[in-house]
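Next comes coords-v6.pdb, a file with PDB, C-alpha atoms.
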```pdb
ATOM      1  CA  MET A 190      22.710  42.692 -36.283
ATOM      2  CA  THR A 191      25.532  40.484 -37.521
ATOM      3  CA  THR A 192      26.217  37.036 -36.173
ATOM      4  CA  LYS A 193      29.701  35.849 -35.329
ATOM      5  CA  PRO A 194      31.034  32.674 -36.920
ATOM      6  CA  ALA A 195      30.422  29.578 -34.763
ATOM      7  CA  PHE A 196      34.037  29.055 -33.669
ATOM      8  CA  GLU A 197      34.477  32.718 -32.796
ATOM      9  CA  ALA A 198      31.240  32.746 -30.814
ATOM     10  CA  ALA A 199      32.366  29.701 -28.820
ATOM     11  CA  THR A 200      36.027  30.660 -28.280
ATOM     12  CA  GLY A 201      36.159  34.410 -28.741
ATOM     13  CA  LYS A 202      38.421  34.135 -31.822
ATOM     14  CA  LEU A 203      38.291  32.869 -35.387
ATOM     15  CA  PRO A 204      39.780  29.436 -36.095
ATOM     16  CA  THR A 205      43.168  29.117 -37.755
ATOM     17  CA  LEU A 206      43.259  27.719 -41.269
ATOM     18  CA  SER A 207      44.452  24.347 -39.952
ATOM     19  CA  GLU A 208      41.674  24.285 -37.309
ATOM     20  CA  LEU A 209      39.122  25.086 -40.002
ATOM     21  CA  ALA A 210      40.552  22.366 -42.255
ATOM     22  CA  GLU A 211      40.367  19.869 -39.383
ATOM     23  CA  ARG A 212      36.752  20.763 -38.632
ATOM     24  CA  LEU A 213      35.876  20.591 -42.329
ATOM     25  CA  GLU A 214      37.414  17.143 -42.634
ATOM     26  CA  GLY A 215      35.506  15.976 -39.552
ATOM     27  CA  VAL A 216      32.200  17.139 -41.011
ATOM     28  CA  ILE A 217      32.928  15.583 -44.417
ATOM     29  CA  ASP A 218      33.921  12.255 -42.829
ATOM     30  CA  ALA A 219      30.833  12.230 -40.584
ATOM     31  CA  TYR A 220      28.555  12.967 -43.557
ATOM     32  CA  ALA A 221      30.245  10.222 -45.609
ATOM     33  CA  GLN A 222      29.720   7.715 -42.806
ATOM     34  CA  ARG A 223      26.033   8.608 -42.474
ATOM     35  CA  TYR A 224      25.444   8.470 -46.229
ATOM     36  CA  ASP A 225      27.109   5.036 -46.354
ATOM     37  CA  GLN A 226      24.705   3.916 -43.627
ATOM     38  CA  LEU A 227      21.771   5.447 -45.492
ATOM     39  CA  ALA A 228      22.759   3.703 -48.729
ATOM     40  CA  ALA A 229      22.948   0.356 -46.905
ATOM     41  CA  SER A 230      19.523   0.946 -45.339
ATOM     42  CA  ILE A 231      18.006   1.848 -48.721
ATOM     43  CA  ALA A 232      19.496  -1.334 -50.212
ATOM     44  CA  ALA A 233      17.948  -3.334 -47.345
ATOM     45  CA  GLN A 234      14.598  -1.650 -47.998
ATOM     46  CA  ARG A 235      14.831  -2.467 -51.705
ATOM     47  CA  GLU A 236      15.601  -6.119 -50.887
ATOM     48  CA  ALA A 237      12.706  -6.246 -48.398
ATOM     49  CA  LEU A 238      10.390  -4.856 -51.082
ATOM     50  CA  ARG A 239      11.638  -7.478 -53.535
ATOM     51  CA  ARG A 240      10.789 -10.195 -51.007
ATOM     52  CA  ALA A 241       7.498  -8.457 -50.047
ATOM     53  CA  ASP A 242       8.763  -8.410 -46.448
ATOM     54  CA  GLY A 243       6.656  -5.802 -44.671
ATOM     55  CA  ALA A 244       8.603  -6.074 -41.408
ATOM     56  CA  GLY A 245      11.877  -5.593 -43.299
ATOM     57  CA  VAL A 246      10.535  -2.507 -45.067
ATOM     58  CA  GLU A 247       9.364  -1.109 -41.740
ATOM     59  CA  ALA A 248      12.741  -1.789 -40.077
ATOM     60  CA  ALA A 249      14.568  -0.087 -42.951
ATOM     61  CA  GLY A 250      12.241   2.907 -42.650
ATOM     62  CA  ARG A 251      12.977   3.226 -38.924
ATOM     63  CA  SER A 252      16.706   2.961 -39.607
ATOM     64  CA  GLN A 253      16.510   5.651 -42.274
ATOM     65  CA  ARG A 254      14.641   7.976 -39.925
ATOM     66  CA  VAL A 255      17.427   7.698 -37.328
ATOM     67  CA  ILE A 256      20.122   8.258 -39.957
ATOM     68  CA  LEU A 257      18.317  11.271 -41.430
ATOM     69  CA  GLU A 258      18.006  12.803 -37.958
ATOM     70  CA  ALA A 259      21.778  12.418 -37.550
ATOM     71  CA  ILE A 260      22.303  14.023 -40.971
ATOM     72  CA  ALA A 261      20.119  16.956 -39.906
ATOM     73  CA  MET A 262      22.342  17.434 -36.850
ATOM     74  CA  LEU A 263      25.391  17.333 -39.118
ATOM     75  CA  GLU A 264      23.820  20.104 -41.151
ATOM     76  CA  GLN A 265      24.131  22.352 -38.110
ATOM     77  CA  ARG A 266      27.834  21.518 -37.870
ATOM     78  CA  ARG A 267      28.212  22.180 -41.609
ATOM     79  CA  GLY A 268      26.594  25.572 -41.170
ATOM     80  CA  GLY A 269      29.032  26.411 -38.379
ATOM     81  CA  VAL A 270      31.992  25.430 -40.557
ATOM     82  CA  ALA A 271      30.597  27.506 -43.428
ATOM     83  CA  ASN A 272      30.183  30.536 -41.152
ATOM     84  CA  ASP A 273      33.708  30.116 -39.830
ATOM     85  CA  ALA A 274      35.063  29.759 -43.364
ATOM     86  CA  ALA A 275      33.322  32.992 -44.348
ATOM     87  CA  GLY A 276      35.012  34.685 -41.378
ATOM     88  CA  VAL A 277      38.484  33.253 -42.037
ATOM     89  CA  LEU A 278      38.313  33.526 -45.848
ATOM     90  CA  PRO A 279      36.364  36.767 -46.411
ATOM     91  CA  GLY A 280      36.472  36.584 -50.205
ATOM     92  CA  LEU A 281      34.827  33.150 -50.188
ATOM     93  CA  ALA A 282      31.309  34.337 -49.393
ATOM     94  CA  LYS A 283      31.519  37.738 -51.058
ATOM     95  CA  GLY A 284      28.702  38.247 -53.553
ATOM     96  CA  ARG A 285      27.299  34.710 -53.127
ATOM     97  CA  THR A 286      23.579  34.138 -53.391
ATOM     98  CA  THR A 287      23.801  30.430 -52.571
ATOM     99  CA  PRO A 288      25.080  28.728 -49.405
ATOM    100  CA  LEU A 289      28.737  27.753 -49.214
ATOM    101  CA  THR A 290      29.261  24.097 -49.977
ATOM    102  CA  LEU A 291      31.836  21.837 -48.392
ATOM    103  CA  ARG A 292      33.537  21.645 -51.803
ATOM    104  CA  ASP A 293      33.723  25.440 -52.034
ATOM    105  CA  ILE A 294      35.377  25.625 -48.641
ATOM    106  CA  ALA A 295      37.790  22.766 -49.370
ATOM    107  CA  ARG A 296      38.846  24.334 -52.671
ATOM    108  CA  ALA A 297      39.423  27.739 -51.073
ATOM    109  CA  LEU A 298      41.429  26.606 -48.051
ATOM    110  CA  PRO A 299      45.139  27.365 -48.496
ATOM    111  CA  VAL A 300      46.357  24.327 -46.516
ATOM    112  CA  LYS A 301      48.580  21.352 -47.411
ATOM    113  CA  ASN A 302      45.734  18.839 -47.495
ATOM    114  CA  ALA A 303      43.347  21.017 -49.547
ATOM    115  CA  ALA A 304      43.486  18.601 -52.500
ATOM    116  CA  GLU A 305      42.584  15.684 -50.224
ATOM    117  CA  LEU A 306      39.753  17.677 -48.636
ATOM    118  CA  THR A 307      38.452  18.585 -52.086
ATOM    119  CA  ARG A 308      38.611  14.923 -53.164
ATOM    120  CA  LYS A 309      36.676  13.879 -50.036
ATOM    121  CA  ALA A 310      34.087  16.608 -50.613
ATOM    122  CA  GLU A 311      33.667  15.476 -54.248
ATOM    123  CA  ALA A 312      33.290  11.838 -53.130
ATOM    124  CA  LEU A 313      30.680  12.918 -50.581
ATOM    125  CA  ARG A 314      28.772  14.792 -53.269
ATOM    126  CA  GLU A 315      28.719  11.624 -55.402
ATOM    127  CA  LYS A 316      27.420   9.603 -52.426
ATOM    128  CA  VAL A 317      24.641  12.111 -51.876
ATOM    129  CA  ILE A 318      23.618  12.012 -55.548
ATOM    130  CA  SER A 319      23.759   8.199 -55.616
ATOM    131  CA  THR A 320      21.677   7.973 -52.436
ATOM    132  CA  GLN A 321      19.089  10.386 -53.820
ATOM    133  CA  GLU A 322      18.779   8.231 -56.956
ATOM    134  CA  ALA A 323      18.471   5.027 -54.912
ATOM    135  CA  THR A 324      15.776   6.687 -52.790
ATOM    136  CA  ARG A 325      13.904   7.705 -55.931
ATOM    137  CA  VAL A 326      14.047   4.147 -57.322
ATOM    138  CA  VAL A 327      12.866   2.588 -54.044
ATOM    139  CA  GLY A 328      10.034   5.128 -53.908
ATOM    140  CA  LEU A 329       8.923   4.156 -57.409
ATOM    141  CA  ALA A 330       9.114   0.454 -56.526
ATOM    142  CA  THR A 331       7.096   1.048 -53.363
ATOM    143  CA  ARG A 332       4.374   2.930 -55.251
ATOM    144  CA  SER A 333       4.297   0.188 -57.894
ATOM    145  CA  LEU A 334       3.979  -2.555 -55.269
ATOM    146  CA  LEU A 335       1.217  -0.658 -53.469
ATOM    147  CA  ALA A 336      -0.676  -0.193 -56.750
ATOM    148  CA  HIS A 337      -0.328  -3.922 -57.448
ATOM    149  CA  ILE A 338      -1.648  -4.823 -53.982
ATOM    150  CA  GLU A 339      -4.535  -2.377 -54.404
ATOM    151  CA  GLY A 340      -5.392  -4.058 -57.717
ATOM    152  CA  LEU A 341      -5.316  -7.492 -56.082
ATOM    153  CA  MET A 342      -7.567  -6.287 -53.272
ATOM    154  CA  ARG A 343      -9.994  -4.815 -55.776
ATOM    155  CA  THR A 344     -10.095  -8.095 -57.717
ATOM    156  CA  VAL A 345     -10.778 -10.070 -54.546
ATOM    157  CA  ALA A 346     -13.483  -7.584 -53.528
ATOM    158  CA  GLN A 347     -15.158  -7.960 -56.919
ATOM    159  CA  GLN A 348     -15.126 -11.740 -56.624
ATOM    160  CA  ILE A 349     -16.689 -11.829 -53.170
ATOM    161  CA  SER A 350     -19.114  -8.938 -53.576
ATOM    162  CA  HIS A 351     -22.661 -10.188 -53.376
ATOM    163  CA  ALA A 352     -24.278  -6.915 -54.300
ATOM    164  CA  GLY A 353     -21.838  -5.887 -57.025
ATOM    165  CA  THR A 354     -22.214  -2.234 -56.110
ATOM    166  CA  TYR A 355     -19.700   0.394 -57.105
ATOM    167  CA  SER A 356     -17.955   2.969 -54.966
ATOM    168  CA  PRO A 357     -17.747   6.648 -55.929
ATOM    169  CA  LYS A 358     -14.346   5.790 -57.497
ATOM    170  CA  GLY A 359     -16.059   3.369 -59.865
ATOM    171  CA  HIS A 360     -14.691   0.218 -58.227
ATOM    172  CA  VAL A 361     -16.567  -2.660 -56.659
ATOM    173  CA  GLU A 362     -15.837  -2.283 -52.952
ATOM    174  CA  ALA A 363     -16.058  -4.958 -50.321
ATOM    175  CA  GLY A 364     -18.881  -4.119 -47.956
ATOM    176  CA  GLY A 365     -20.168  -5.813 -44.867
ATOM    177  CA  ALA A 366     -20.573  -9.560 -44.824
ATOM    178  CA  VAL A 367     -23.786 -10.767 -46.470
ATOM    179  CA  VAL A 368     -25.051 -14.143 -45.363
ATOM    180  CA  SER A 369     -26.741 -16.104 -48.142
ATOM    181  CA  SER A 370     -28.248 -19.533 -48.058
ATOM    182  CA  LEU A 371     -30.165 -21.801 -50.344
ATOM    183  CA  ASP A 372     -32.427 -24.616 -49.205
ATOM    184  CA  VAL A 373     -31.528 -27.533 -51.432
ATOM    185  CA  ARG A 374     -33.960 -30.068 -49.840
ATOM    186  CA  SER A 375     -37.236 -28.601 -51.021
TER     187      SER A 375
END
```
For the file at hand, write its structure as structure tokens.
Amino acid sequence: MTTKPAFEAATGKLPTLSELAERLEGVIDAYAQRYDQLAASIAAQREALRRADGAGVEAAGRSQRVILEAIAMLEQRRGGVANDAAGVLPGLAKGRTTPLTLRDIARALPVKNAAELTRKAEALREKVISTQEATRVVGLATRSLLAHIEGLMRTVAQQISHAGTYSPKGHVEAGGAVVSSLDVRS
């Protein structure tokens, strides 16, 4: 069973080259907008981590979740454009073992604004790479901060531990409160 390209399935015909170019540009622009939003949210998360602002980190995380959901929906649109491109430009997908990229489609489209579409697709690719790197850095900073907090908690637990007992991990763990008293009058 073969599936029809998205545009053909919806309209009964394949898109023209200019219609495909217009749809491609719309997808690229929408992705670029979402990745700009994601980069801003990651920067806000990094700043919140720097200030040790838990509420700010949480707000940035919620924002990123919403943006990533929108990006996932864009992925469906991208897939439709790729399917349509494969239908309109049959040689484009021939022999491929990897999915068509927006850059591949932009480069292959024989339209007046192909160079501009290719430039936009390249710029989008750079945004994606930059955002992935920023995400990696924030993840490392988050893990480092959590390790630091865990160390502080362990130090406090050692200082207030009356029994001085060790957990299976080899750390002094805070247990239940122990009430101690000393009669200094006798």
Care to translate the PyMOL selection byres ((chain A and resi 305) around 12) into actual residues of this file, as a PyMOL selection string?
chain A and resi 210-211+213-214+217-218+292+295-296+298+300-304+306-312
Just the selected residues (C-alpha atoms), exported as a compact mmCIF listing (two decimals), in the frame of the given file, please.
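File produced: out07.txt:
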```txt
# COMPACT_ATOMS: atom_id res chain seq x y z
CA ALA A 210 40.55 22.37 -42.26
CA GLU A 211 40.37 19.87 -39.38
CA LEU A 213 35.88 20.59 -42.33
CA GLU A 214 37.41 17.14 -42.63
CA ILE A 217 32.93 15.58 -44.42
CA ASP A 218 33.92 12.26 -42.83
CA ARG A 292 33.54 21.64 -51.80
CA ALA A 295 37.79 22.77 -49.37
CA ARG A 296 38.85 24.33 -52.67
CA LEU A 298 41.43 26.61 -48.05
CA VAL A 300 46.36 24.33 -46.52
CA LYS A 301 48.58 21.35 -47.41
CA ASN A 302 45.73 18.84 -47.50
CA ALA A 303 43.35 21.02 -49.55
CA ALA A 304 43.49 18.60 -52.50
CA LEU A 306 39.75 17.68 -48.64
CA THR A 307 38.45 18.58 -52.09
CA ARG A 308 38.61 14.92 -53.16
CA LYS A 309 36.68 13.88 -50.04
CA ALA A 310 34.09 16.61 -50.61
CA GLU A 311 33.67 15.48 -54.25
CA ALA A 312 33.29 11.84 -53.13
```
If you count all atoms listed in the file, which residues fall within 12 Å of A:Glu247, apart from same-chain ones fewer than 4 positions away, as a CSV table (one decimal) with C-alpha atoms, in the frame of the given file?
```
chain,number,residue,atom,x,y,z
A,230,SER,CA,19.5,0.9,-45.3
A,231,ILE,CA,18.0,1.8,-48.7
A,233,ALA,CA,17.9,-3.3,-47.3
A,234,GLN,CA,14.6,-1.6,-48.0
A,235,ARG,CA,14.8,-2.5,-51.7
A,237,ALA,CA,12.7,-6.2,-48.4
A,238,LEU,CA,10.4,-4.9,-51.1
A,241,ALA,CA,7.5,-8.5,-50.0
A,242,ASP,CA,8.8,-8.4,-46.4
A,243,GLY,CA,6.7,-5.8,-44.7
A,251,ARG,CA,13.0,3.2,-38.9
A,252,SER,CA,16.7,3.0,-39.6
A,253,GLN,CA,16.5,5.7,-42.3
A,254,ARG,CA,14.6,8.0,-39.9
```
Using all atoms listed in the file, determine which residues lie at most 9 Å from A:Leu227, disregarding the query and same-chain residues fewer than 5 positions distant; provide the list as a PyMOL selection string.
chain A and resi 222+232+252-253+256-257+320
Minimum-distance residue to A:Pro204, chosen among A:Val270, A:Leu263, A:Gly245, A:Gly250 (using only C-alpha atoms)
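Ranking A:Val270, A:Leu263, A:Gly245, A:Gly250 by distance to A:Pro204, first place goes to A:Val270.
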Using Å and a single decimal, report how far atom CA of A:Ile338 sits from atom CA of A:Glu322.
24.4 Å
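With all atoms listed in the file as the atoms that count, the residue of A:Pro279, A:Gly340, A:Gly284, A:Gly215 with the shortest distance to A:Arg267 is A:Gly215.
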As an exercise, work out the distance from atom CA of A:Arg285 to atom CA of A:Ala297 in Å and give it to one decimal place.
14.1 Å
Using all atoms listed in the file: which of A:Ala271, A:Tyr224, A:Ala229, A:Ala330 has the shortest distance to A:Glu258:
A:Tyr224
Using the chain letters and numbering of this document, enumerate as a VMD selection string the residues selected by the PyMOL selection byres ((chain A and resi 268) around 10).
chain A and resid 194 to 195 263 to 267 269 to 274 288 to 291
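What separates atom CA of A:Arg325 from atom CA of A:Tyr220 is a distance of 19.9 Å.
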With distances taken over only C-alpha atoms, which of A:Lys316, A:Thr344, A:Met262, A:Leu278 is nearest to A:Val216?
A:Met262
Since the input is missing atoms, can you rebuild N, CA and C atoms for stretch 224-242 of chain A and write them as a PDB file, in the frame of the given file?
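Result file result_9.pdb:
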```pdb
ATOM      1  N   TYR A 224      25.985   8.794 -44.904  1.00  0.00           N
ATOM      2  CA  TYR A 224      25.444   8.470 -46.229  1.00  0.00           C
ATOM      3  C   TYR A 224      25.740   7.027 -46.615  1.00  0.00           C
ATOM      4  N   ASP A 225      26.858   6.470 -46.147  1.00  0.00           N
ATOM      5  CA  ASP A 225      27.109   5.036 -46.354  1.00  0.00           C
ATOM      6  C   ASP A 225      26.054   4.216 -45.623  1.00  0.00           C
ATOM      7  N   GLN A 226      25.741   4.609 -44.388  1.00  0.00           N
ATOM      8  CA  GLN A 226      24.705   3.916 -43.627  1.00  0.00           C
ATOM      9  C   GLN A 226      23.346   4.035 -44.309  1.00  0.00           C
ATOM     10  N   LEU A 227      23.049   5.227 -44.821  1.00  0.00           N
ATOM     11  CA  LEU A 227      21.771   5.447 -45.492  1.00  0.00           C
ATOM     12  C   LEU A 227      21.672   4.598 -46.758  1.00  0.00           C
ATOM     13  N   ALA A 228      22.755   4.523 -47.510  1.00  0.00           N
ATOM     14  CA  ALA A 228      22.759   3.703 -48.729  1.00  0.00           C
ATOM     15  C   ALA A 228      22.528   2.231 -48.388  1.00  0.00           C
ATOM     16  N   ALA A 229      23.148   1.748 -47.316  1.00  0.00           N
ATOM     17  CA  ALA A 229      22.948   0.356 -46.905  1.00  0.00           C
ATOM     18  C   ALA A 229      21.502   0.121 -46.478  1.00  0.00           C
ATOM     19  N   SER A 230      20.911   1.077 -45.778  1.00  0.00           N
ATOM     20  CA  SER A 230      19.523   0.946 -45.339  1.00  0.00           C
ATOM     21  C   SER A 230      18.561   0.967 -46.530  1.00  0.00           C
ATOM     22  N   ILE A 231      18.849   1.789 -47.515  1.00  0.00           N
ATOM     23  CA  ILE A 231      18.006   1.848 -48.721  1.00  0.00           C
ATOM     24  C   ILE A 231      18.107   0.530 -49.481  1.00  0.00           C
ATOM     25  N   ALA A 232      19.322  -0.038 -49.545  1.00  0.00           N
ATOM     26  CA  ALA A 232      19.496  -1.334 -50.212  1.00  0.00           C
ATOM     27  C   ALA A 232      18.714  -2.423 -49.471  1.00  0.00           C
ATOM     28  N   ALA A 233      18.725  -2.372 -48.133  1.00  0.00           N
ATOM     29  CA  ALA A 233      17.948  -3.334 -47.345  1.00  0.00           C
ATOM     30  C   ALA A 233      16.456  -3.156 -47.594  1.00  0.00           C
ATOM     31  N   GLN A 234      16.009  -1.919 -47.719  1.00  0.00           N
ATOM     32  CA  GLN A 234      14.598  -1.650 -47.998  1.00  0.00           C
ATOM     33  C   GLN A 234      14.222  -2.184 -49.379  1.00  0.00           C
ATOM     34  N   ARG A 235      15.089  -1.964 -50.351  1.00  0.00           N
ATOM     35  CA  ARG A 235      14.831  -2.467 -51.705  1.00  0.00           C
ATOM     36  C   ARG A 235      14.730  -3.991 -51.700  1.00  0.00           C
ATOM     37  N   GLU A 236      15.630  -4.661 -50.975  1.00  0.00           N
ATOM     38  CA  GLU A 236      15.601  -6.119 -50.887  1.00  0.00           C
ATOM     39  C   GLU A 236      14.333  -6.593 -50.166  1.00  0.00           C
ATOM     40  N   ALA A 237      13.938  -5.891 -49.107  1.00  0.00           N
ATOM     41  CA  ALA A 237      12.706  -6.246 -48.398  1.00  0.00           C
ATOM     42  C   ALA A 237      11.491  -6.086 -49.305  1.00  0.00           C
ATOM     43  N   LEU A 238      11.486  -5.039 -50.118  1.00  0.00           N
ATOM     44  CA  LEU A 238      10.390  -4.856 -51.082  1.00  0.00           C
ATOM     45  C   LEU A 238      10.375  -6.003 -52.086  1.00  0.00           C
ATOM     46  N   ARG A 239      11.548  -6.388 -52.549  1.00  0.00           N
ATOM     47  CA  ARG A 239      11.638  -7.478 -53.535  1.00  0.00           C
ATOM     48  C   ARG A 239      11.056  -8.764 -52.961  1.00  0.00           C
ATOM     49  N   ARG A 240      11.301  -8.990 -51.666  1.00  0.00           N
ATOM     50  CA  ARG A 240      10.789 -10.195 -51.007  1.00  0.00           C
ATOM     51  C   ARG A 240       9.374 -10.001 -50.468  1.00  0.00           C
ATOM     52  N   ALA A 241       8.809  -8.808 -50.610  1.00  0.00           N
ATOM     53  CA  ALA A 241       7.498  -8.457 -50.047  1.00  0.00           C
ATOM     54  C   ALA A 241       7.499  -8.694 -48.537  1.00  0.00           C
ATOM     55  N   ASP A 242       8.568  -8.251 -47.887  1.00  0.00           N
ATOM     56  CA  ASP A 242       8.763  -8.410 -46.448  1.00  0.00           C
ATOM     57  C   ASP A 242       8.389  -7.102 -45.753  1.00  0.00           C
TER      58      ASP A 242
END
```
